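So this one's upload02.tsv, TSV, C-alpha atoms:
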chain	number	residue	atom	x	y	z
A	260	MET	CA	57.31	66.78	134.46
A	261	GLN	CA	57.59	63.12	135.45
A	262	SER	CA	59.52	62.33	132.27
A	263	SER	CA	62.00	65.13	133.05
A	264	GLN	CA	62.57	63.78	136.56
A	265	PHE	CA	63.00	60.28	135.17
A	266	LEU	CA	65.64	61.49	132.64
A	267	LEU	CA	67.44	63.38	135.41
A	268	PHE	CA	67.49	60.23	137.55
A	269	ILE	CA	68.88	58.19	134.63
A	270	PHE	CA	71.61	60.80	134.04
A	271	ILE	CA	72.71	60.81	137.70
A	272	PHE	CA	72.71	57.01	137.83
A	273	ILE	CA	74.88	56.73	134.69
A	274	THR	CA	77.27	59.40	135.97
A	275	PHE	CA	77.87	57.59	139.28
A	276	THR	CA	78.11	54.23	137.57
A	277	VAL	CA	80.88	55.41	135.21
A	278	TYR	CA	82.71	57.98	137.35
A	279	CYS	CA	83.07	56.11	140.66
A	280	PRO	CA	84.96	53.06	139.28
A	281	LEU	CA	87.30	55.36	137.37
A	282	GLN	CA	87.92	57.42	140.47
A	283	ALA	CA	88.61	54.30	142.53
A	284	GLN	CA	90.98	52.98	139.89
A	285	SER	CA	92.80	56.33	139.82
A	286	SER	CA	93.11	56.32	143.62
A	287	ASN	CA	94.47	52.77	143.64
A	288	SER	CA	97.03	53.61	141.00
A	289	LEU	CA	98.16	56.63	143.01
A	290	LEU	CA	98.48	54.55	146.16
A	291	GLY	CA	100.62	52.00	144.40
A	292	ARG	CA	102.82	54.54	142.68
A	293	THR	CA	106.28	55.49	143.89
A	294	PHE	CA	106.87	59.18	143.33
A	295	LYS	CA	110.43	59.93	142.32
A	296	PRO	CA	112.18	63.28	142.75
A	297	SER	CA	112.42	65.59	139.77
A	298	ALA	CA	114.64	64.04	137.12
A	299	PRO	CA	116.85	67.10	136.43
A	300	PHE	CA	117.73	67.50	140.11
A	301	SER	CA	118.47	63.79	140.53
A	302	LEU	CA	120.69	63.83	137.45
A	303	ALA	CA	122.48	66.91	138.79
A	304	LEU	CA	123.17	65.08	142.06
A	305	GLU	CA	124.55	62.09	140.17
A	306	SER	CA	126.82	64.34	138.14
A	307	LEU	CA	127.97	66.16	141.28
A	308	GLN	CA	128.95	62.87	142.94
A	309	LYS	CA	131.08	62.03	139.91
A	310	ASP	CA	132.74	65.46	140.03
A	311	ILE	CA	133.77	65.10	143.67
A	312	ASN	CA	134.55	61.40	143.13
A	313	TYR	CA	132.40	60.30	146.05
A	314	THR	CA	129.20	58.25	145.98
A	315	PHE	CA	126.86	58.84	148.89
A	316	GLN	CA	125.45	55.89	150.76
A	317	SER	CA	122.52	58.14	151.60
A	318	VAL	CA	121.80	60.45	148.67
A	319	ASP	CA	119.27	62.26	150.86
A	320	LEU	CA	122.21	63.87	152.66
A	321	LEU	CA	123.47	65.35	149.40
A	322	ARG	CA	119.92	66.34	148.53
A	323	ARG	CA	119.70	68.27	151.81
A	324	ALA	CA	123.16	69.78	151.22
A	325	MET	CA	121.86	71.15	147.91
A	326	THR	CA	118.73	72.67	149.46
A	327	HIS	CA	118.83	76.31	150.57
A	328	ALA	CA	116.93	77.57	153.61
A	329	SER	CA	114.75	79.71	151.34
A	330	TYR	CA	113.49	76.55	149.61
A	331	SER	CA	112.63	74.26	152.51
A	332	GLN	CA	112.82	73.85	156.27
A	333	GLU	CA	114.86	70.73	155.57
A	334	ASN	CA	117.89	72.64	154.37
A	335	ASN	CA	121.70	72.69	154.41
A	336	LYS	CA	122.31	75.17	157.25
A	337	ALA	CA	123.49	72.66	159.84
A	338	LEU	CA	125.53	70.67	157.31
A	339	SER	CA	127.17	73.91	156.18
A	340	VAL	CA	128.23	74.73	159.74
A	341	LEU	CA	129.72	71.25	160.12
A	342	GLY	CA	131.43	71.50	156.74
A	343	SER	CA	132.96	74.87	157.61
A	344	SER	CA	134.43	73.45	160.83
A	345	LEU	CA	135.78	70.42	158.97
A	346	ILE	CA	137.47	72.58	156.35
A	347	GLU	CA	139.11	74.77	158.99
A	348	THR	CA	140.29	71.69	160.90
A	349	SER	CA	141.66	70.12	157.72
A	350	VAL	CA	143.52	73.31	156.78
A	351	SER	CA	145.00	73.58	160.28
A	352	LEU	CA	146.10	69.96	160.27
A	353	ARG	CA	147.78	70.24	156.88
A	354	LEU	CA	149.63	73.44	157.79
A	355	LEU	CA	150.81	72.07	161.13
A	356	THR	CA	151.89	68.82	159.51
A	357	LYS	CA	154.06	70.79	157.09
A	358	ASP	CA	155.38	73.22	159.69
A	359	ILE	CA	154.85	72.50	163.38
A	360	ASP	CA	156.51	75.83	164.23
A	361	ILE	CA	154.00	77.93	162.30
A	362	SER	CA	152.81	80.88	164.35
A	363	ALA	CA	149.24	81.13	165.55
A	364	LYS	CA	148.93	84.38	163.60
A	365	ASP	CA	149.98	82.76	160.32
A	366	LEU	CA	147.78	79.76	160.99
A	367	ASN	CA	144.75	81.95	161.59
A	368	HIS	CA	145.60	83.95	158.48
A	369	TRP	CA	145.58	80.88	156.23
A	370	ILE	CA	142.44	79.51	157.81
A	371	SER	CA	140.77	82.86	157.18
A	372	GLU	CA	141.95	82.88	153.55
A	373	MET	CA	140.61	79.39	152.93
A	374	SER	CA	137.30	80.29	154.58
A	375	LYS	CA	136.62	83.48	152.63
A	376	VAL	CA	133.30	83.34	150.86
A	377	ASP	CA	134.08	85.33	147.69
A	378	THR	CA	137.67	84.33	146.94
A	379	SER	CA	137.85	80.70	148.00
A	380	CYS	CA	134.67	78.93	149.08
A	381	ALA	CA	132.34	80.32	146.40
A	382	VAL	CA	134.99	79.96	143.68
A	383	ASP	CA	135.36	76.25	144.44
A	384	GLY	CA	131.59	75.91	144.52
A	385	GLU	CA	131.14	77.64	141.19
A	386	ARG	CA	133.73	75.40	139.57
A	387	LEU	CA	131.55	72.50	140.67
A	388	GLY	CA	128.54	74.29	139.18
A	389	LEU	CA	126.66	74.35	142.48
A	390	GLN	CA	124.83	77.52	141.44
A	391	ASN	CA	123.03	75.34	138.89
A	392	VAL	CA	122.29	72.52	141.34
A	393	ILE	CA	121.20	74.03	144.63
A	394	ARG	CA	117.46	74.44	145.12
A	395	VAL	CA	116.40	77.94	146.18
A	396	SER	CA	113.16	79.91	146.30
A	397	ALA	CA	112.04	81.95	143.31
A	398	LYS	CA	113.15	85.15	145.05
A	399	THR	CA	116.67	83.87	145.85
A	400	ASP	CA	119.62	84.14	143.47
A	401	SER	CA	121.38	80.76	143.43
A	402	SER	CA	124.59	82.35	142.11
A	403	THR	CA	125.03	84.57	145.17
A	404	PRO	CA	128.45	83.78	146.71
A	405	SER	CA	127.00	83.12	150.16
A	406	VAL	CA	124.48	80.65	148.71
A	407	VAL	CA	127.14	78.82	146.66
A	408	CYS	CA	129.58	78.82	149.57
A	409	GLY	CA	126.98	77.43	151.96
A	410	ALA	CA	126.22	74.60	149.55
A	411	PHE	CA	129.93	73.90	149.03
A	412	ARG	CA	130.59	73.62	152.77
A	413	ALA	CA	127.45	71.52	153.25
A	414	ILE	CA	128.82	68.88	150.85
A	415	PHE	CA	131.65	68.03	153.23
A	416	GLY	CA	129.38	68.13	156.24
A	417	ALA	CA	127.15	65.65	154.42
A	418	ILE	CA	130.13	63.42	153.57
A	419	ALA	CA	131.22	63.38	157.21
A	420	VAL	CA	127.74	62.35	158.34
A	421	ASP	CA	127.50	59.79	155.52
A	422	THR	CA	130.80	58.11	156.45
A	423	GLY	CA	130.86	58.91	160.14
A	424	LYS	CA	134.43	60.14	159.64
A	425	SER	CA	135.72	63.69	159.41
A	426	ASP	CA	138.98	62.55	157.77
A	427	ASP	CA	137.15	61.39	154.63
A	428	ALA	CA	135.46	64.76	154.28
A	429	GLY	CA	138.79	66.58	154.67
A	430	ARG	CA	140.48	64.36	152.11
A	431	ILE	CA	137.75	64.95	149.54
A	432	PHE	CA	137.82	68.69	150.25
A	433	TRP	CA	141.51	68.91	149.33
A	434	ARG	CA	140.95	66.84	146.22
A	435	VAL	CA	138.17	69.17	145.09
A	436	HIS	CA	140.00	72.34	146.12
A	437	ASN	CA	143.23	71.39	144.36
A	438	ASN	CA	141.57	70.06	141.22
A	439	LYS	CA	141.36	73.14	139.04
A	440	ASP	CA	140.05	71.09	136.13
A	441	ILE	CA	136.71	70.42	137.82
A	442	GLY	CA	133.91	72.29	136.10
A	443	ARG	CA	134.64	75.68	134.61
A	444	ASP	CA	137.98	77.34	135.25
A	445	ALA	CA	137.70	80.18	137.75
A	446	LEU	CA	139.72	82.60	135.61
A	447	ALA	CA	137.55	81.92	132.58
A	448	MET	CA	134.49	82.42	134.75
A	449	ILE	CA	135.74	85.77	136.05
A	450	THR	CA	136.73	86.86	132.54
A	451	SER	CA	133.27	85.98	131.29
A	452	ARG	CA	131.64	87.99	134.06
A	453	VAL	CA	133.88	90.98	133.44
A	454	ARG	CA	133.08	90.82	129.74
A	455	PHE	CA	129.38	90.73	130.53
A	456	ILE	CA	129.66	93.71	132.88
A	457	LEU	CA	131.63	95.70	130.29
A	458	LEU	CA	129.01	94.95	127.66
A	459	ARG	CA	126.29	96.15	130.02
A	460	ILE	CA	128.22	99.33	130.81
A	461	THR	CA	128.82	99.95	127.10
A	462	SER	CA	125.13	99.43	126.34
A	463	ILE	CA	124.06	101.79	129.12
A	464	ALA	CA	126.62	104.41	128.03
A	465	ARG	CA	125.36	104.18	124.45
A	466	VAL	CA	121.79	104.79	125.60
A	467	ILE	CA	122.88	107.75	127.72
A	468	LEU	CA	124.90	109.24	124.87
A	469	GLN	CA	121.99	108.81	122.52
A	470	GLY	CA	119.78	110.63	124.98
A	471	ILE	CA	122.32	113.45	125.40
A	472	THR	CA	122.77	113.74	121.63
A	473	SER	CA	119.02	113.91	121.14
A	474	ASN	CA	118.68	116.62	123.78
A	475	VAL	CA	121.55	118.60	122.29
A	476	LYS	CA	119.92	118.45	118.85
A	477	VAL	CA	116.66	119.75	120.31
A	478	ILE	CA	118.45	122.58	122.11
A	479	LEU	CA	120.35	123.54	118.95
A	480	ARG	CA	117.15	123.57	116.93
A	481	ILE	CA	115.38	125.77	119.49
A	482	THR	CA	118.41	128.12	119.64
A	483	PHE	CA	118.57	128.33	115.84
A	484	ILE	CA	114.87	129.18	115.66
A	485	GLU	CA	115.13	131.81	118.40
A	486	VAL	CA	118.36	133.44	117.19
A	487	VAL	CA	118.20	133.12	113.40
A	488	ILE	CA	114.60	132.71	112.35
A	489	CYS	CA	112.78	134.60	115.09
A	490	PRO	CA	115.33	136.99	116.66
A	491	TRP	CA	112.50	139.17	117.88

Would you mind writing the structure in this file as structure tokens?
Amino acid sequence: MQSSQFLLFIFIFITFTVYCPLQAQSSNSLLGRTFKPSAPFSLALESLQKDINYTFQSVDLLRRAMTHASYSQENNKALSVLGSSLIETSVSLRLLTKDIDISAKDLNHWISEMSKVDTSCAVDGERLGLQNVIRVSAKTDSSTPSVVCGAFRAIFGAIAVDTGKSDDAGRIFWRVHNNKDIGRDALAMITSRVRFILLRITSIARVILQGITSNVKVILRITFIEVVICPW
């Protein structure tokens, strides 16, 4: 009995002697380590800055702009609101500079067109590939137009905060909006989506037709048996 207790004591002593220094060394290494953000996301932000031809002084602003509300409380909602206002102001300024006599109705019309989520804002965002950059929760679809549009607007809100100037954000917006060579061409993107939808419809139709054909064959067999083989 005493020998068993002695062996147990020796085991505990050795365990503490070996484990505690290792644990302390691990803790020290963790304290001295600088944790960097995930590499793919950081690389995506670098690529995005090259696409818009603007380098952020504070990359954290762009990081927030590319963070959806479903992902974190530190998200792009406020920056998106600011960006939307900046875009509308920039559109108004450009139109009035070209034609000071433009009617309020026409001005509002063009502002509305430029602010539309599906046909303008999200299209520009998708050309930048924002659907592949923005961080969202597992249950959120990053390619949803409203998500892409919010991220797109947030970029210019972030630029305005980064520079402290709304003019810079407006200038970069027009450069991005008018540059149809950035990312994937919108027409090609739409064509690809239409092709995908048609393929899905064709596949579903084929399955339905196969089911109908199978049912028809069964009905014909039953009818043949009832009418020809077993008329009574």

- Top pick for closest residue to Asp383 of chain A, considering A:Arg412, A:Lys309, A:His327, A:Arg430 and counting only C-alpha atoms: A:Arg412

- For Val382 of chain A, which residue among A:Ser405, A:Asn335, A:Ser329, A:Ser362 is the nearest when counting only C-alpha atoms? A:Ser405

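Within 8 Å of segment 420-429 of chain A there are Phe315, Gln316, Ser317, Leu320, Leu345, Ile346, Ser349, Phe415, Gly416, Ala417, Ile418, Ile431, Phe432 and Trp433 of chain A, counting only C-alpha atoms and ignoring same-chain residues fewer than 2 positions away.
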
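Interatomic distance, atom CA of Ser402 of chain A to atom CA of Gln390 of chain A: 4.9 Å.
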
- Task: Pick out the residues sitting within 9 Å of Leu307 of chain A, and hand them over as number ranges by chain; count all atoms listed in the file, and ignore anything fewer than 6 positions along from it in its own chain.
- Result: A: 313, 387-389, 392

Can you pull out every residue within 12 Å of Glu347 of chain A, counting only C-alpha atoms, but drop anything in the same chain fewer than 4 positions away, and send it as a compact mmCIF listing (two decimals) with C-alpha atoms, in the coordinates of the input?
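Generated output (part-v2.txt):
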# COMPACT_ATOMS: atom_id res chain seq x y z
CA VAL A 340 128.23 74.73 159.74
CA LEU A 341 129.72 71.25 160.12
CA GLY A 342 131.43 71.50 156.74
CA SER A 343 132.96 74.87 157.61
CA SER A 351 145.00 73.58 160.28
CA LEU A 352 146.10 69.96 160.27
CA ARG A 353 147.78 70.24 156.88
CA LEU A 354 149.63 73.44 157.79
CA LEU A 366 147.78 79.76 160.99
CA ASN A 367 144.75 81.95 161.59
CA HIS A 368 145.60 83.95 158.48
CA TRP A 369 145.58 80.88 156.23
CA ILE A 370 142.44 79.51 157.81
CA SER A 371 140.77 82.86 157.18
CA GLU A 372 141.95 82.88 153.55
CA MET A 373 140.61 79.39 152.93
CA SER A 374 137.30 80.29 154.58
CA LYS A 375 136.62 83.48 152.63
CA CYS A 380 134.67 78.93 149.08
CA ARG A 412 130.59 73.62 152.77
CA PHE A 415 131.65 68.03 153.23
CA SER A 425 135.72 63.69 159.41
CA ALA A 428 135.46 64.76 154.28
CA GLY A 429 138.79 66.58 154.67
CA PHE A 432 137.82 68.69 150.25
CA TRP A 433 141.51 68.91 149.33

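Of note, atom CA of Glu333 of chain A and atom CA of Gly409 of chain A are spaced 14.3 Å apart.
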
- Note on the structure: Here atom CA of Ala328 of chain A and atom CA of Val406 of chain A stand apart by 9.5 Å

- Message: List as JSON, numbers by chain the protein and nucleic acid residues near Val318 of chain A, meaning an atom at most 10 Å away when all atoms listed in the file are counted, but skip any in the same chain fewer than 3 places from it.
- Response: {"A": [301, 304, 305, 308, 314, 315, 321, 322, 323, 324, 417, 421]}

- Query: Smallest atom-to-atom distance to Pro404 of chain A: which of A:Asp360, A:Asp310, A:Asp319, A:Asp377, using all atoms listed in the file?
  - Reply: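 Checking each of A:Asp360, A:Asp310, A:Asp319, A:Asp377 against Pro404 of chain A, counting all atoms listed in the file, the winner is A:Asp377.
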
- Could you tell me which of A:Gly384, A:Met325, A:Val350, A:Lys398 comes closest to Leu338 of chain A if we count all atoms listed in the file?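 Closest to Leu338 of chain A, using all atoms listed in the file: A:Met325.
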